[in-house]
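Here is the structure we will look at.
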Amino acid sequence: MGIVGELKQISPLILDKFKINSSLLDIFFSAKYLAESHFWEEAIYISGNSRLNIQQQSEDKFKEFKWADNQQRENTRAEFLKEWQISELSLGKSWHELHFLLPGYTHTHKLSFLVSKNSSNNLPKISLNNWSLFKIFNTMLGNQQYIEQYISPTLDIDNLPLVNAILGGTEIGSKEGYSKHRYLIPDEVRQVAEALSELSENGFITRYKREEVKQEQVGIIDWSEPETVEWLTEYYKEITAYYLAATNLGNAMLLYLT
């Protein structure tokens with residue numbers, strides 16, 4: 001099936017609850033499938049026993065959680081269902097290609113910035129202090145170019161923002177799926193929204209086309225398919241719109257792989 005990347009905007013109030021008790025994250029994502037959730041208005045492709053089984057599993061998980069009392073359970077249920085009136089944004093399995101074109105790195109390790117500038121005077125560098133074995137191993141093999149690609153963006157200089165919109169943020173909770181959940185506070189969501197807007201659709205497409213004609217192309221993108229740039233650009237526009245909508249509502253953001 002592959003790894004799927006998703007974004008989910010949430011209110012600051014709900015983020016504060018997760019900071020206090022991160023085990024609520026699992027219940028929050030389960031609440032999406034409660035019988036009265038907005039999700040089922042769109043999920044008409046799930047019907048019959050499959051639909052009922054998913055709803056019952058969600059209901060059971062909600063009841064089995066260790067609540068302080070019934071009032072807390074019902075209040076939290078209502079709050080979570082309200083949050084799911086705004087759907088998550090799924091990036092499918094294209095999150096890795098997008099992660100390369102937005103902040104400029106092919107690897108998925110933690111980057112030291114949320115928003116930076118792709119300019120010769122302000123190029124971000126990733127520290128190798130915690131990757132000593134990686135550095136030694138690649139130096140022994142003479143892979144200095146690979147090390148440079150690890151610590152610096154691979155993209156050509158274009159003086160446009162580098163935006164860690166998919167794998168940025170602060171980790172929270174225990175590992176779920178392929179990585180821990182991460183979050184952005186409302187001010188960080190605003191920074192990302194503004195940077196994505198500054199990048200622009202034209203800037204995004206230009207980045208793609210510059211990489212497309214390189215002799216040594218990165219391997220995470222299928223450059224042989226002419227329509228690749230079209231659907232990646234559609235994802236860029238959806239990400240930008242989602243961040244802008246969250247900013248307008250003063251919302252925080254959850255980022256995760258599943």
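Residues are named by chain letter and number: chains run A, B, ... in the order of the structure tokens, numbers start at 1 in each chain, and ligands are numbered from 1 in the order shown.
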Per residue of stretch 3-109 of chain A within 8 Å of stretch 206-227 of chain A, note the shortest atom pair and the distance in Å to one decimal, counting only C-alpha atoms, and order the rows by chain and increasing residue number, as a Markdown table.
```
| residue | atom | partner | partner_atom | distance |
| --- | --- | --- | --- | --- |
| A:His96 | CA | A:Ile220 | CA | 7.3 |
| A:Glu97 | CA | A:Ile221 | CA | 6.0 |
| A:Leu101 | CA | A:Arg207 | CA | 7.0 |
| A:Thr106 | CA | A:Ile220 | CA | 7.5 |
```
Within stretch 34-133 of chain A, find each residue whose DSSP state, derived from the backbone, is strand (DSSP E or B), and express the selection as a list in words.
Leu89, Ser90, Val115, Ser116 and Lys117 of chain A
Restricting the output to N, CA, C and O atoms, write the selected residues as a compact mmCIF listing (two decimals), in the first residue's frame.
```
# COMPACT_ATOMS: atom_id res chain seq x y z
N LEU A 89 -6.07 16.63 4.90
CA LEU A 89 -5.60 16.69 3.51
C LEU A 89 -4.64 15.54 3.30
O LEU A 89 -3.57 15.48 3.91
N SER A 90 -5.02 14.61 2.44
CA SER A 90 -4.15 13.48 2.14
C SER A 90 -3.26 13.81 0.95
O SER A 90 -3.74 14.30 -0.08
N VAL A 115 10.92 27.31 7.70
CA VAL A 115 10.95 28.11 6.48
C VAL A 115 12.33 28.74 6.38
O VAL A 115 12.85 29.29 7.34
N SER A 116 12.93 28.63 5.19
CA SER A 116 14.24 29.25 4.95
C SER A 116 14.21 29.84 3.55
O SER A 116 13.17 29.88 2.90
N LYS A 117 15.37 30.27 3.09
CA LYS A 117 15.46 30.89 1.77
C LYS A 117 16.45 30.12 0.92
O LYS A 117 17.54 29.79 1.37
```
With a distance cut-off of 12 Å and only C-alpha atoms, select the neighbouring residues of A:Asn122, excluding the residue or stretch itself and same-chain residues fewer than 2 positions from it, and output the selection as a PyMOL selection string.
chain A and resi 113+115-120+124-125+152-153+157-162
From A:Leu196, A:Glu36, A:Met253, A:Val229, residue lying nearest A:Ala78 [only C-alpha atoms]:
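Closest candidate: A:Glu36.
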Could you pull out the residues in stretch 34-244 of chain A that DSSP calls helix (DSSP H, G or I) from the backbone, as a count of residues only?
106
Residues within 10 Å of A:Leu13, please, as number ranges by chain. Count only C-alpha atoms; anything in the same chain fewer than 6 positions from it doesn't count.
A: 79, 251-252
